[in-house]
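File shown: my_file16.txt (compact mmCIF, C-alpha atoms).
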```
# COMPACT_ATOMS: atom_id res chain seq x y z
CA MET O 24 14.54 211.86 196.91
CA THR O 25 12.53 210.19 194.19
CA SER O 26 13.32 210.98 190.55
CA GLU O 27 11.01 213.38 188.72
CA SER O 28 10.39 210.60 186.21
CA THR O 29 8.09 209.01 188.79
CA ILE O 30 4.54 209.63 187.58
CA ARG O 31 1.53 209.68 189.87
CA GLU O 32 -1.63 208.21 188.38
CA PHE O 33 -5.04 209.85 188.75
CA GLU O 34 -6.77 208.56 191.89
CA PRO O 35 -10.19 210.18 192.30
CA ILE O 36 -11.76 210.45 195.76
CA PRO O 37 -15.15 211.87 196.76
CA LEU O 38 -15.11 215.66 197.24
CA PRO O 39 -14.38 216.20 200.96
CA ASP O 40 -15.55 219.01 203.23
CA TYR O 41 -17.97 220.81 200.90
CA ALA O 42 -21.31 221.66 202.48
CA GLU O 43 -23.86 223.62 200.47
CA ILE O 44 -25.53 226.53 202.24
CA PRO O 45 -28.84 228.21 201.32
CA LEU O 46 -28.69 231.07 198.82
CA GLU O 47 -29.58 233.77 201.34
CA ALA O 48 -26.89 232.53 203.70
CA MET O 49 -24.49 232.48 200.73
CA ARG O 50 -25.27 236.10 199.91
CA ALA O 51 -24.87 237.08 203.56
CA GLU O 52 -21.51 235.32 203.82
CA ALA O 53 -20.24 236.96 200.62
CA LEU O 54 -21.28 240.39 201.92
CA ARG O 55 -19.71 239.70 205.31
CA PHE O 56 -16.38 238.82 203.70
CA LEU O 57 -16.57 241.89 201.46
CA ALA O 58 -17.05 244.04 204.56
CA VAL O 59 -14.04 242.40 206.20
CA MET O 60 -11.75 242.90 203.19
CA ARG O 61 -12.85 246.50 202.64
CA LYS O 62 -11.22 247.22 206.00
CA ARG O 63 -7.87 245.97 204.76
CA HIS O 64 -5.36 248.75 204.10
CA THR O 65 -1.70 248.68 203.20
CA VAL O 66 0.29 250.51 205.88
CA ARG O 67 3.88 251.72 206.06
CA GLU O 68 3.93 252.64 209.74
CA PHE O 69 4.13 249.65 212.05
CA SER O 70 4.25 249.12 215.79
CA PRO O 71 7.15 247.10 217.22
CA ARG O 72 4.59 245.28 219.39
CA PRO O 73 5.31 241.53 219.28
CA VAL O 74 3.03 239.14 217.41
CA PRO O 75 3.17 235.50 218.55
CA ARG O 76 4.74 233.10 216.09
CA ASP O 77 1.83 230.66 216.23
CA ILE O 78 -0.49 233.25 214.66
CA LEU O 79 1.83 233.55 211.67
CA GLU O 80 2.10 229.78 211.45
CA THR O 81 -1.68 229.48 211.21
CA CYS O 82 -1.85 232.14 208.50
CA LEU O 83 0.93 230.40 206.58
CA ARG O 84 -1.06 227.18 206.73
CA VAL O 85 -3.89 229.11 205.08
CA ALA O 86 -1.48 230.20 202.33
CA GLY O 87 -0.46 226.59 201.90
CA THR O 88 -4.03 225.64 200.93
CA ALA O 89 -3.88 227.80 197.78
CA PRO O 90 -4.24 226.18 194.36
CA SER O 91 -1.06 225.76 192.32
CA GLY O 92 0.11 224.47 188.97
CA ALA O 93 -0.07 220.64 189.03
CA ASN O 94 -0.46 220.96 192.84
CA HIS O 95 3.32 221.33 193.15
CA GLN O 96 3.01 224.18 195.67
CA PRO O 97 6.16 225.98 194.41
CA TRP O 98 6.40 228.48 197.25
CA HIS O 99 8.57 229.01 200.29
CA PHE O 100 7.89 231.54 203.05
CA ALA O 101 11.02 232.65 204.93
CA VAL O 102 9.82 234.32 208.13
CA ILE O 103 12.26 236.79 209.69
CA GLY O 104 11.92 238.09 213.23
CA ASN O 105 15.62 238.35 214.07
CA PRO O 106 16.52 242.06 214.56
CA GLU O 107 19.97 241.72 212.99
CA LEU O 108 18.58 240.07 209.88
CA LYS O 109 15.84 242.69 209.61
CA SER O 110 18.46 245.45 209.81
CA ARG O 111 20.50 243.75 207.13
CA ILE O 112 17.45 243.41 204.89
CA ARG O 113 16.69 247.10 205.37
CA ARG O 114 20.25 248.09 204.41
CA GLU O 115 20.19 245.95 201.28
CA ALA O 116 16.69 247.05 200.28
CA GLU O 117 17.49 250.74 200.70
CA ILE O 118 20.52 250.41 198.41
CA GLU O 119 18.16 249.31 195.64
CA GLU O 120 15.51 251.85 196.62
CA ARG O 121 17.93 254.78 196.49
CA ALA O 122 18.93 253.80 192.96
CA PHE O 123 15.27 253.40 192.04
CA TYR O 124 14.25 256.85 193.28
CA ALA O 125 17.41 258.48 191.90
CA GLY O 126 16.24 257.83 188.36
CA LYS O 127 16.40 254.11 187.66
CA ALA O 128 12.60 253.91 187.76
CA GLY O 129 11.96 256.66 185.23
CA GLU O 130 9.79 259.74 185.71
CA GLU O 131 6.53 258.07 184.69
CA TRP O 132 6.85 255.36 187.35
CA LEU O 133 7.95 257.83 190.01
CA GLY O 134 4.99 260.03 189.08
CA ALA O 135 2.65 257.09 189.56
CA LEU O 136 4.06 256.54 193.05
CA ARG O 137 3.91 260.18 194.11
CA PRO O 138 0.31 260.05 195.45
CA LEU O 139 1.37 257.16 197.70
CA GLY O 140 4.07 259.25 199.41
CA THR O 141 6.79 256.60 199.19
CA ASP O 142 10.54 257.28 199.30
CA PRO O 143 13.83 255.34 199.63
CA GLU O 144 13.63 255.14 203.43
CA LYS O 145 12.12 251.85 204.67
CA PRO O 146 12.14 251.94 208.48
CA PHE O 147 9.22 249.52 208.63
CA LEU O 148 11.62 246.74 207.66
CA GLU O 149 13.18 247.04 211.12
CA VAL O 150 10.18 248.21 213.15
CA ALA O 151 7.60 245.58 212.19
CA PRO O 152 7.92 242.36 214.21
CA TRP O 153 7.87 240.08 211.17
CA LEU O 154 9.06 240.07 207.58
CA ILE O 155 8.02 237.24 205.25
CA ALA O 156 10.21 236.75 202.20
CA ILE O 157 8.13 234.87 199.63
CA PHE O 158 10.00 232.71 197.13
CA GLY O 159 8.92 230.73 194.09
CA ALA O 160 10.86 227.67 192.95
CA ARG O 161 11.44 226.57 189.36
CA ASN O 162 11.71 223.02 190.68
CA SER O 163 11.25 221.50 194.11
CA VAL O 164 10.16 218.45 196.04
CA SER O 165 6.38 218.20 195.93
CA ALA O 166 4.10 217.12 198.77
CA ASP O 167 4.43 213.47 197.75
CA GLY O 168 8.22 213.63 198.11
CA VAL O 169 9.09 213.69 194.40
CA ALA O 170 11.52 216.13 192.79
CA ARG O 171 9.60 217.82 189.99
CA LYS O 172 9.67 220.77 187.63
CA ASN O 173 7.13 223.37 188.70
CA TYR O 174 4.55 225.03 186.47
CA TYR O 175 2.80 228.42 186.61
CA VAL O 176 5.14 229.48 189.40
CA PRO O 177 4.41 233.27 189.42
CA GLU O 178 0.67 232.65 189.25
CA SER O 179 0.76 230.04 192.02
CA VAL O 180 2.93 232.16 194.33
CA SER O 181 0.71 235.20 193.72
CA ILE O 182 -2.45 233.28 194.65
CA ALA O 183 -0.82 231.90 197.82
CA THR O 184 0.33 235.41 198.75
CA GLY O 185 -3.23 236.67 198.36
CA PHE O 186 -4.45 233.93 200.68
CA LEU O 187 -1.75 234.92 203.20
CA ILE O 188 -2.61 238.62 203.12
CA ALA O 189 -6.29 237.84 203.63
CA ALA O 190 -5.50 235.48 206.52
CA LEU O 191 -3.25 238.02 208.26
CA HIS O 192 -5.92 240.69 207.87
CA GLN O 193 -8.60 238.34 209.22
CA ALA O 194 -6.33 237.69 212.22
CA GLY O 195 -6.15 241.44 212.94
CA LEU O 196 -2.75 242.29 211.48
CA ALA O 197 -1.69 244.90 208.94
CA THR O 198 0.49 244.13 205.92
CA LEU O 199 2.67 245.80 203.33
CA THR O 200 3.89 244.23 200.08
CA HIS O 201 7.43 245.48 199.48
CA THR O 202 9.26 244.68 196.26
CA PRO O 203 12.77 246.16 196.04
CA SER O 204 14.26 245.38 192.64
CA PRO O 205 16.40 243.41 192.30
CA MET O 206 16.06 241.49 195.54
CA GLY O 207 18.40 238.57 195.03
CA PHE O 208 20.03 239.55 198.34
CA LEU O 209 17.12 237.76 200.04
CA ASN O 210 18.41 234.40 198.78
CA GLU O 211 21.65 234.88 200.69
CA ILE O 212 20.08 236.32 203.84
CA CYS O 213 17.33 233.68 203.97
CA GLN O 214 19.67 230.86 202.87
CA ARG O 215 17.49 229.90 199.90
CA PRO O 216 18.89 228.03 196.87
CA PRO O 217 19.45 229.70 193.48
CA ASN O 218 16.50 227.88 191.88
CA GLU O 219 14.19 229.99 194.06
CA LYS O 220 13.26 233.53 193.07
CA PRO O 221 12.15 236.09 195.69
CA TYR O 222 8.87 237.66 194.61
CA ILE O 223 7.63 239.72 197.56
CA LEU O 224 8.83 240.86 200.95
CA LEU O 225 5.66 240.93 203.04
CA VAL O 226 5.79 243.12 206.15
CA THR O 227 3.30 242.34 208.91
CA GLY O 228 2.40 243.34 212.44
CA TYR O 229 0.18 245.79 214.26
CA PRO O 230 -0.16 249.22 212.65
CA ALA O 231 1.43 252.10 214.55
CA ALA O 232 -0.92 253.98 216.86
CA LYS O 233 -0.88 257.00 214.51
CA ALA O 234 -0.52 255.14 211.22
CA HIS O 235 -1.62 256.98 208.08
CA ILE O 236 -2.58 255.82 204.62
CA PRO O 237 -2.67 257.86 201.40
CA LEU O 238 -6.12 259.14 200.47
CA TYR O 239 -5.33 257.95 196.94
CA ALA O 240 -5.14 254.35 198.18
CA THR O 241 -8.80 254.43 199.18
CA GLU O 242 -9.89 254.93 195.57
CA LYS O 243 -11.02 251.55 194.25
CA LYS O 244 -12.43 250.85 190.82
CA PRO O 245 -16.19 250.07 190.76
CA LEU O 246 -17.47 246.61 189.87
CA GLU O 247 -18.34 247.59 186.29
CA ALA O 248 -14.74 248.68 185.68
CA ILE O 249 -13.17 245.42 186.88
CA SER O 250 -15.62 242.81 185.59
CA SER O 251 -17.58 241.69 182.56
CA PHE O 252 -20.53 239.27 182.55
CA PHE O 253 -21.50 237.23 179.48
CA LEU O 254 -24.96 235.74 179.95
```
Structure re-expressed in structure tokens:
Amino acid sequence: MTSESTIREFEPIPLPDYAEIPLEAMRAEALRFLAVMRKRHTVREFSPRPVPRDILETCLRVAGTAPSGANHQPWHFAVIGNPELKSRIRREAEIEERAFYAGKAGEEWLGALRPLGTDPEKPFLEVAPWLIAIFGARNSVSADGVARKNYYVPESVSIATGFLIAALHQAGLATLTHTPSPMGFLNEICQRPPNEKPYILLVTGYPAAKAHIPLYATEKKPLEAISSFFL
């Protein structure tokens, strides 16, 4: 492993891959992708139907293309399909969830969750074919093989997770972002070092045949509420 004191110099290369498309085609492509993503819904009822590993690998490669602080790519995706490990994760997660719903969260937070219909029971952690524990590292070996301190870790991991969710949805799979707190137990189960922090436990697979979603979850803020333009 090379020391982090090794400094890479700036080596510009011509922009690869970019191909401009006409404005009308650009508008059509943006609208097409909007239509695709409007069909994405978080689900909590999954089918045990298997999903081939290679599909997840492709989606993880998409996540790996995300931008990151200093291009250090400070993420690790621990993919769990083993039934015993999934059962263990469920047991550990439900310990934290029971404490959360018993009062640790506070009434305001629990009130905010009430329209979503959540509770301490997390059967989807065993039913879904795949769990993806997403970690962010304070320091790691970068793509060029150098041990470095990482920067903007939460932001970088969040962007990569967004890429992953979009890729899984595009592939035809449902997802759920689960965040038991604390979730340090994932380090032990997934054999990750202490310099890595678990951020999200992403559940993925086919939705159950009679899956439901909360009506509340379909309420999205309009464009004017989420954006400002300065011309």
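Across the structure, CA of Pro245 (chain O) and CA of Gly134 (chain O) are spaced 23.5 Å apart.
Nearest residue to Pro71 (chain O), choosing from O:Glu119, O:Glu149, O:Glu131, O:Glu32 and counting all atoms listed in the file: O:Glu149.
Using only C-alpha atoms, the smallest distance between any of O:Ile236, O:Ala48, O:Ala89, O:Ala125 and Gly185 (chain O) comes from O:Ala89.
Using all atoms listed in the file for every distance, the candidate list O:Gly92, O:Pro35, O:Pro152, O:Gly207 yields O:Pro152 as the residue closest to Glu68 (chain O).
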### Task
Pick out the closest residue to Lys109 (chain O) from this set: O:Pro97, O:Pro146, O:Pro73, O:Gly87. Count all atoms listed in the file.
O:Pro146
### Task
Work out how far CA of Ala101 (chain O) is from CA of Pro216 (chain O), in Å to one decimal.
12.2 Å
### Query
How would you write as an MDAnalysis selection string the residues that get within 12 Å of (11.4, 246.8, 210.8) in the file's frame, counting all atoms listed in the file?
chainID O and resid 67:73 103:114 116 144:155 199 224:231
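Nearest residue to Ile188 (chain O), choosing from O:Tyr222, O:Leu209, O:Tyr239, O:Thr200 and counting all atoms listed in the file: O:Thr200.
The coordinates place CA of Ile118 (chain O) at 16.8 Å from CA of Ile223 (chain O).
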### Message
Considering all atoms listed in the file, can you say which of O:Arg171, O:Tyr124, O:Ser179, O:Arg61 comes closest to Glu242 (chain O)?
### Response
O:Arg61
All file atoms of region 154-159 of chain O boxed axis-aligned, 3 Å per side, centre plus edges, as lines of an AutoDock Vina configuration file:
```
center_x = 9.1
center_y = 235.4
center_z = 200.8
size_x = 8.2
size_y = 15.3
size_z = 19.5
```
#### Entry: Spatial neighbours of Asn173 (chain O), max dist 8 Å, only C-alpha atoms, sep filter under 2 positions, as a VMD selection string
chain O and resid 92 to 93 95 97 160 to 163 171 175 to 176
